[in-house]
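Student: Next comes the structure file final-v5.cif, holding mmCIF, C-alpha atoms.
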data_final
loop_
_atom_site.label_atom_id
_atom_site.label_comp_id
_atom_site.auth_asym_id
_atom_site.auth_seq_id
_atom_site.Cartn_x
_atom_site.Cartn_y
_atom_site.Cartn_z
CA MET A 1 80.79 89.61 81.23
CA ILE A 2 80.70 88.14 84.69
CA ALA A 3 84.46 88.48 84.90
CA ARG A 4 84.20 92.14 84.01
CA ALA A 5 81.52 92.74 86.61
CA MET A 6 83.66 91.02 89.20
CA LEU A 7 86.59 93.19 88.24
CA TRP A 8 84.47 96.28 88.80
CA VAL A 9 83.32 95.04 92.19
CA PHE A 10 86.90 94.28 93.13
CA CYS A 11 88.10 97.71 92.02
CA ALA A 12 85.31 99.46 93.90
CA ALA A 13 86.04 97.48 97.06
CA TRP A 14 89.73 98.14 96.77
CA ALA A 15 89.22 101.88 96.22
CA GLY A 16 86.88 101.98 99.21
CA ALA A 17 89.47 100.31 101.39
CA ALA A 18 92.21 102.60 100.13
CA PHE A 19 90.29 105.75 101.03
CA ALA A 20 89.11 104.62 104.44
CA ILE A 21 92.13 105.87 106.34
CA ASP A 22 90.25 106.76 109.47
CA THR A 23 87.79 104.16 110.70
CA THR A 24 87.32 105.59 114.19
CA GLN A 25 83.74 105.29 115.38
CA LEU A 26 82.78 107.18 118.54
CA PRO A 27 79.72 105.89 120.42
CA ASP A 28 77.80 109.19 120.28
CA PRO A 29 76.89 110.40 116.75
CA ARG A 30 77.19 114.04 117.84
CA LEU A 31 80.70 113.38 119.16
CA GLN A 32 81.47 111.56 115.92
CA ALA A 33 80.39 114.61 113.90
CA ARG A 34 82.57 116.92 116.01
CA TYR A 35 85.44 114.44 115.75
CA GLU A 36 85.22 114.36 111.96
CA ALA A 37 84.99 118.15 111.70
CA LEU A 38 88.00 118.65 113.99
CA THR A 39 90.23 116.06 112.35
CA HIS A 40 89.54 117.72 109.01
CA GLU A 41 90.70 121.12 110.23
CA LEU A 42 93.96 119.94 111.84
CA ARG A 43 97.00 119.75 109.62
CA CYS A 44 99.13 116.63 109.38
CA MET A 45 102.51 118.12 110.30
CA GLN A 46 104.47 115.43 108.49
CA CYS A 47 102.73 115.83 105.15
CA GLN A 48 101.66 119.43 105.72
CA ASN A 49 99.01 119.69 103.03
CA GLN A 50 96.72 116.95 104.27
CA SER A 51 94.47 117.00 107.28
CA ILE A 52 95.04 114.41 109.99
CA ALA A 53 91.76 112.80 108.89
CA ASP A 54 93.15 112.09 105.42
CA SER A 55 96.69 111.11 106.29
CA PRO A 56 97.91 107.53 106.72
CA VAL A 57 101.13 108.42 108.62
CA GLY A 58 101.64 107.32 112.21
CA LEU A 59 101.67 110.77 113.77
CA ALA A 60 98.29 111.63 112.22
CA ALA A 61 96.85 108.47 113.78
CA ASP A 62 98.29 109.49 117.16
CA LEU A 63 96.76 112.96 116.86
CA ARG A 64 93.38 111.48 115.85
CA ARG A 65 93.52 109.25 118.93
CA GLU A 66 94.25 112.35 121.01
CA VAL A 67 91.24 114.19 119.51
CA ALA A 68 88.94 111.19 120.07
CA GLU A 69 90.08 110.77 123.67
CA GLN A 70 89.74 114.44 124.51
CA LEU A 71 86.26 114.74 122.98
CA THR A 72 85.15 111.61 124.81
CA ALA A 73 86.51 113.11 128.03
CA GLY A 74 84.23 116.11 127.49
CA ARG A 75 86.66 118.71 126.19
CA THR A 76 85.30 121.43 123.89
CA ASP A 77 86.42 121.82 120.27
CA GLN A 78 88.28 124.98 121.23
CA GLN A 79 90.15 123.21 124.03
CA VAL A 80 91.30 120.56 121.56
CA ARG A 81 92.44 123.23 119.08
CA ASP A 82 94.30 125.06 121.87
CA TYR A 83 95.94 121.81 122.96
CA MET A 84 97.22 121.21 119.43
CA SER A 85 98.41 124.74 118.75
CA ALA A 86 100.19 124.92 122.14
CA ARG A 87 102.36 122.04 120.95
CA TYR A 88 102.59 122.49 117.20
CA GLY A 89 101.91 126.20 116.76
CA ASP A 90 99.09 127.85 114.82
CA PHE A 91 100.45 126.14 111.71
CA ILE A 92 98.52 123.02 112.66
CA LEU A 93 95.21 124.89 112.32
CA PHE A 94 93.93 124.96 108.75
CA ARG A 95 91.63 127.79 109.80
CA PRO A 96 93.98 130.46 111.13
CA ARG A 97 92.89 132.29 114.26
CA VAL A 98 92.25 136.02 114.27
CA SER A 99 95.20 137.63 116.03
CA GLY A 100 97.39 140.69 115.59
CA ARG A 101 99.50 138.81 113.07
CA THR A 102 96.69 137.21 111.08
CA VAL A 103 94.10 140.01 111.11
CA TRP A 104 95.15 141.17 107.63
CA LEU A 105 94.46 137.67 106.35
CA TRP A 106 90.84 138.01 107.41
CA ALA A 107 90.45 141.70 106.60
CA LEU A 108 92.08 141.67 103.15
CA PRO A 109 89.24 139.94 101.23
CA GLY A 110 86.79 142.47 102.64
CA VAL A 111 89.06 145.37 101.75
CA LEU A 112 89.55 144.03 98.21
CA LEU A 113 85.82 143.50 97.80
CA ALA A 114 85.09 147.04 98.96
CA GLY A 115 87.80 148.38 96.62
CA GLY A 116 86.30 146.47 93.70
CA ALA A 117 82.85 147.73 94.57
CA ILE A 118 84.08 151.34 94.55
CA VAL A 119 85.78 150.88 91.15
CA ALA A 120 82.66 149.23 89.70
CA TRP A 121 80.44 151.96 91.10
CA ARG A 122 82.62 154.68 89.57
CA ILE A 123 82.62 152.96 86.14
CA VAL A 124 78.85 152.57 86.21
CA ARG A 125 78.44 156.22 87.16
CA ARG A 126 80.77 157.38 84.38
CA ARG A 127 78.99 155.26 81.80
CA SER A 128 75.57 156.41 82.83
CA ALA A 129 76.80 160.04 82.70
CA LEU A 130 78.13 159.39 79.19
CA ALA A 131 74.91 157.68 78.14
CA ALA A 132 72.93 160.65 79.43
CA ALA A 133 75.15 163.09 77.50
CA GLU A 134 74.98 161.14 74.22
CA PRO A 135 71.69 159.23 74.09
CA ASP A 136 72.50 157.87 70.58
CA ALA A 137 75.86 156.29 71.46
CA ASP A 138 74.68 152.93 72.81
CA SER A 139 77.98 151.17 72.14
CA GLY A 140 80.35 154.10 72.14
CA ASP A 141 84.05 153.92 72.80
CA LEU A 142 84.51 154.31 76.54
CA ASP A 143 88.18 153.51 76.55
CA THR A 144 89.42 157.07 76.77
CA MET B 145 97.57 151.02 77.12
CA ASN B 146 97.94 152.68 80.49
CA ARG B 147 95.05 150.87 82.07
CA PHE B 148 96.72 147.50 81.41
CA LEU B 149 100.22 148.60 82.28
CA LEU B 150 99.35 149.73 85.78
CA PRO B 151 97.81 146.45 87.02
CA LEU B 152 100.60 144.52 85.28
CA ALA B 153 103.24 146.60 87.06
CA GLY B 154 101.40 146.04 90.34
CA PHE B 155 101.31 142.30 89.72
CA ALA B 156 104.99 142.17 88.79
CA LEU B 157 105.92 144.12 91.92
CA LEU B 158 103.88 141.77 94.13
CA ALA B 159 105.42 138.70 92.47
CA ILE B 160 108.94 140.05 93.03
CA VAL B 161 108.26 140.93 96.68
CA LEU B 162 106.75 137.52 97.42
CA GLY B 163 109.41 135.66 95.42
CA VAL B 164 112.29 137.37 97.23
CA GLY B 165 110.50 136.93 100.55
CA ILE B 166 110.11 133.19 100.06
CA ARG B 167 113.59 132.67 98.64
CA HIS B 168 115.36 134.47 101.45
CA SER B 169 113.18 133.37 104.31
CA LYS B 170 115.44 131.88 106.99
CA THR B 171 112.69 129.66 108.33
CA LYS B 172 111.53 128.33 104.97
CA GLY B 173 109.98 124.89 105.48
CA VAL B 174 110.67 124.99 109.20
CA VAL B 175 107.80 125.26 111.63
CA VAL B 176 108.96 127.32 114.60
CA SER B 177 108.05 125.51 117.80
CA PRO B 178 105.81 127.40 120.22
CA LEU B 179 107.56 125.50 123.03
CA ILE B 180 110.80 127.48 122.88
CA GLY B 181 111.12 129.51 126.07
CA ARG B 182 108.58 127.30 127.83
CA PRO B 183 109.11 124.54 130.41
CA ALA B 184 109.93 121.14 128.90
CA PRO B 185 106.95 118.81 129.53
CA ASP B 186 107.65 116.33 132.33
CA TYR B 187 107.18 112.61 131.86
CA VAL B 188 107.97 109.25 133.42
CA LEU B 189 108.66 106.44 130.92
CA PRO B 190 110.36 103.03 130.88
CA ASN B 191 114.09 103.32 130.31
CA LEU B 192 115.37 101.07 127.54
CA ILE B 193 118.91 100.85 128.89
CA GLU B 194 117.87 100.48 132.57
CA PRO B 195 114.85 98.16 132.33
CA ALA B 196 114.67 97.83 136.11
CA GLU B 197 113.80 101.48 136.68
CA LYS B 198 111.68 104.16 135.00
CA PHE B 199 113.16 107.36 133.70
CA ASP B 200 111.77 110.56 135.22
CA SER B 201 112.54 113.69 133.17
CA ARG B 202 112.66 115.70 136.41
CA SER B 203 115.88 113.89 137.33
CA MET B 204 117.59 116.06 134.69
CA LYS B 205 116.70 119.36 136.43
CA GLY B 206 119.59 121.51 137.49
CA ARG B 207 121.81 120.89 134.48
CA TRP B 208 121.88 121.51 130.78
CA TYR B 209 120.85 118.50 128.71
CA VAL B 210 119.78 117.54 125.21
CA LEU B 211 116.65 115.60 124.30
CA ASN B 212 117.07 113.73 121.03
CA VAL B 213 114.00 112.11 119.44
CA TRP B 214 114.88 109.05 117.38
CA GLY B 215 113.65 105.73 116.04
CA THR B 216 115.24 102.82 114.22
CA TRP B 217 112.72 103.35 111.38
CA CYS B 218 114.15 106.84 110.81
CA VAL B 219 116.75 107.00 108.05
CA GLU B 220 118.09 110.42 108.99
CA CYS B 221 118.63 109.23 112.57
CA ARG B 222 121.15 106.71 111.30
CA ALA B 223 122.98 109.49 109.46
CA GLU B 224 123.00 111.59 112.62
CA HIS B 225 124.01 108.86 115.05
CA PRO B 226 127.82 109.14 114.70
CA VAL B 227 127.54 112.86 115.53
CA LEU B 228 125.75 111.99 118.78
CA VAL B 229 128.29 109.29 119.64
CA GLU B 230 131.13 111.77 119.06
CA ALA B 231 129.32 114.45 121.10
CA GLN B 232 128.90 112.03 123.97
CA ARG B 233 132.60 111.16 123.81
CA SER B 234 133.58 114.79 124.13
CA GLY B 235 131.43 114.84 127.27
CA SER B 236 130.03 118.27 126.61
CA LEU B 237 126.34 117.65 127.29
CA PRO B 238 124.28 114.70 128.52
CA ILE B 239 121.90 113.41 125.83
CA VAL B 240 118.55 111.80 126.58
CA GLY B 241 117.29 109.73 123.62
CA LEU B 242 113.51 109.59 123.40
CA ASN B 243 112.81 106.39 121.46
CA TRP B 244 109.71 107.31 119.44
CA LYS B 245 107.20 104.64 118.34
CA ASP B 246 109.81 101.96 117.99
CA SER B 247 110.35 98.33 118.86
CA ASP B 248 112.45 97.82 122.01
CA GLU B 249 114.29 94.94 120.46
CA GLU B 250 115.34 96.82 117.35
CA ALA B 251 116.27 99.87 119.39
CA ARG B 252 118.52 97.76 121.63
CA SER B 253 120.30 96.13 118.72
CA TRP B 254 120.73 99.55 117.06
CA LEU B 255 122.48 100.90 120.16
CA ALA B 256 124.57 97.75 120.48
CA ALA B 257 125.69 97.98 116.85
CA LEU B 258 126.16 101.76 116.45
CA GLY B 259 127.09 102.77 119.99
CA ASN B 260 125.01 104.33 122.73
CA PRO B 261 125.39 108.10 123.13
CA TYR B 262 122.49 108.40 125.60
CA VAL B 263 122.44 108.71 129.38
CA ALA B 264 118.87 107.39 129.29
CA VAL B 265 116.51 106.10 126.60
CA PRO B 266 112.88 106.75 127.62
CA VAL B 267 110.55 104.60 125.52
CA ASP B 268 107.61 106.50 124.02
CA ALA B 269 105.91 103.54 122.36
CA GLU B 270 102.54 105.28 121.93
CA GLY B 271 103.97 108.62 120.87
CA ARG B 272 102.21 110.60 123.60
CA ILE B 273 105.27 112.39 124.94
CA ALA B 274 106.34 113.22 121.38
CA ILE B 275 103.00 115.02 120.95
CA ASP B 276 103.64 117.00 124.16
CA TYR B 277 106.94 118.11 122.66
CA GLY B 278 105.32 118.99 119.33
CA VAL B 279 107.48 116.44 117.51
CA TYR B 280 106.43 115.85 113.91
CA GLY B 281 109.39 114.11 112.36
CA ALA B 282 112.52 112.41 113.64
CA PRO B 283 115.20 113.32 114.29
CA GLU B 284 114.36 116.35 116.39
CA THR B 285 116.65 117.65 119.09
CA PHE B 286 115.87 119.97 122.01
CA LEU B 287 118.23 121.87 124.29
CA VAL B 288 116.93 122.19 127.86
CA ASP B 289 118.47 124.58 130.39
CA PRO B 290 119.06 123.89 134.13
CA GLN B 291 115.67 125.42 134.98
CA GLY B 292 114.00 122.89 132.68
CA VAL B 293 113.16 125.43 129.96
CA ILE B 294 113.42 124.55 126.26
CA VAL B 295 116.01 126.91 124.81
CA HIS B 296 116.42 125.59 121.29
CA LYS B 297 115.00 123.03 118.89
CA HIS B 298 116.70 121.54 115.86
CA ILE B 299 114.67 119.70 113.23
CA GLY B 300 116.50 117.20 111.04
CA PRO B 301 119.86 115.48 111.44
CA LEU B 302 122.61 117.12 113.49
CA SER B 303 126.11 117.75 112.21
CA ALA B 304 129.21 118.34 114.32
CA GLU B 305 128.98 122.02 113.38
CA ILE B 306 125.33 122.40 114.37
CA TRP B 307 126.04 120.55 117.61
CA GLN B 308 128.81 122.95 118.55
CA ARG B 309 127.12 126.15 117.39
CA ASP B 310 123.50 125.61 118.42
CA PHE B 311 123.89 123.37 121.44
CA VAL B 312 127.30 123.46 123.17
CA ASN B 313 127.90 127.17 122.59
CA ARG B 314 124.53 128.10 124.03
CA THR B 315 125.34 126.35 127.29
CA THR B 316 128.71 128.07 127.71
CA GLY B 317 127.29 131.50 127.05
CA ALA B 318 129.44 131.90 123.94
CA ALA B 319 126.36 132.35 121.80
CA ARG B 320 124.51 134.52 124.26
CA THR B 321 125.55 137.69 122.50
CA GLY B 322 124.97 136.14 119.09
CA SER B 323 121.39 135.10 119.55
#
Show how you would write the structure in this file as structure tokens.

Tutor:
Amino acid sequence: MIARAMLWVFCAAWAGAAFAIDTTQLPDPRLQARYEALTHELRCMQCQNQSIADSPVGLAADLRREVAEQLTAGRTDQQVRDYMSARYGDFILFRPRVSGRTVWLWALPGVLLAGGAIVAWRIVRRRSALAAAEPDADSGDLDT
Amino acid sequence: MNRFLLPLAGFALLAIVLGVGIRHSKTKGVVVSPLIGRPAPDYVLPNLIEPAEKFDSRSMKGRWYVLNVWGTWCVECRAEHPVLVEAQRSGSLPIVGLNWKDSDEEARSWLAALGNPYVAVPVDAEGRIAIDYGVYGAPETFLVDPQGVIVHKHIGPLSAEIWQRDFVNRTTGAARTGS
């Protein structure tokens, strides 16, 4: 029983250690919050599908150090993002910027939503017209 | 029937367009550097092969040169090394070897054992200059023109062919019409 409990404690401690990739602690809690947000939205270029906050590779650690130093030096979030994308391209930003090339990426969901709304509105109108024409047919065949 | 066929056809068309696009994309898996066409970042770093003096990147201004990013921990760099040694022997282009996040000792014994193709080996122990160059994996190789502008970047190991086509030919103007 005790052995089992100890095993659990060990496993929990080990898992905790395994997930704590980034242990950076900035003196100011507001800076720390900005630091954590920024490192989560910058891509680790070596692993490509992880953020630099989640990646154990050396380059990610170097980039985290860069973010921490720049925030401590008083740079804005946008200045840090610009610094990164000037060197690694927009690919490093998990949240793509709105530009001529990416505008469709931002506009498309809206366009699709509007398209869906129009289709839904037309179906509802057709059904209500049918229902008005045949008051008895509550579950009529509308597939035609 | 029709109402299912139309969306299905649309989906199939989209899948084919995207599939062909991905399959035939020339830059698949390669992140194009935003630094091409821009001035190569300047730096002053300790020089592994001339410990007495620092290496200043500005000393390379006025001639074509190649910046090769390498480390002894990098497996592909070992595969590429004979190509660099051969390129240096042919004397076509000076090669600066940025030693990225490495141990000086191991780097020295690597060059002693495999040959030194570099005119200088700036030591970027903290990886700061590599960040300025947007390096994300070794080996990476840059071609810098006499004005100090980055003309080309190659990611991954070089071959004799790539060296000739993408580096030497660009400096002689042979590829000017091609690219």

Student: Hey, can you check how far atom CA of Asp200 of chain B sits from atom CA of Ala264 of chain B?

Tutor: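 One can read the atom CA of Asp200 of chain B to atom CA of Ala264 of chain B distance as 9.8 Å.
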
Student: Taking only C-alpha atoms into account, report as a PyMOL selection string which residues of chain B lie within 7 Å of chain A.

Tutor: chain B and resi 177-179+271+276-278+280-281

Student: Pick the closest to Leu242 of chain B from B:Arg309, B:Arg272, B:Arg222, B:His168: which is it, counting only C-alpha atoms?

Tutor: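 Residue with the minimum atom-to-atom distance to Leu242 of chain B: B:Arg272.
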
Student: Within 9 Å of (110.4, 116.3, 117.3) (file coordinates; only C-alpha atoms), which protein or nucleic acid residues are there? I'd like them as JSON, numbers by chain.

Tutor: {"B": [212, 213, 214, 274, 275, 277, 278, 279, 280, 281, 282, 283, 284, 285, 286, 297, 298, 299, 300]}

Student: Taking only C-alpha atoms into account, name the residue in B:Ala156, B:Leu189, B:Val295, B:Ile166 that is nearest to Asp268 of chain B.

Tutor: B:Leu189

Student: One decimal, Å: what's the distance from atom CA of Leu211 of chain B over to atom CA of Ala269 of chain B, could you say?

Tutor: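 Calculated distance between atom CA of Leu211 of chain B and atom CA of Ala269 of chain B is 16.3 Å.
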
Student: Residues within 10 Å of Glu230 of chain B, please, as a ChimeraX atom specification. Count only C-alpha atoms; anything in the same chain fewer than 5 positions from it doesn't count.

Tutor: /B:225,235,259,261,304
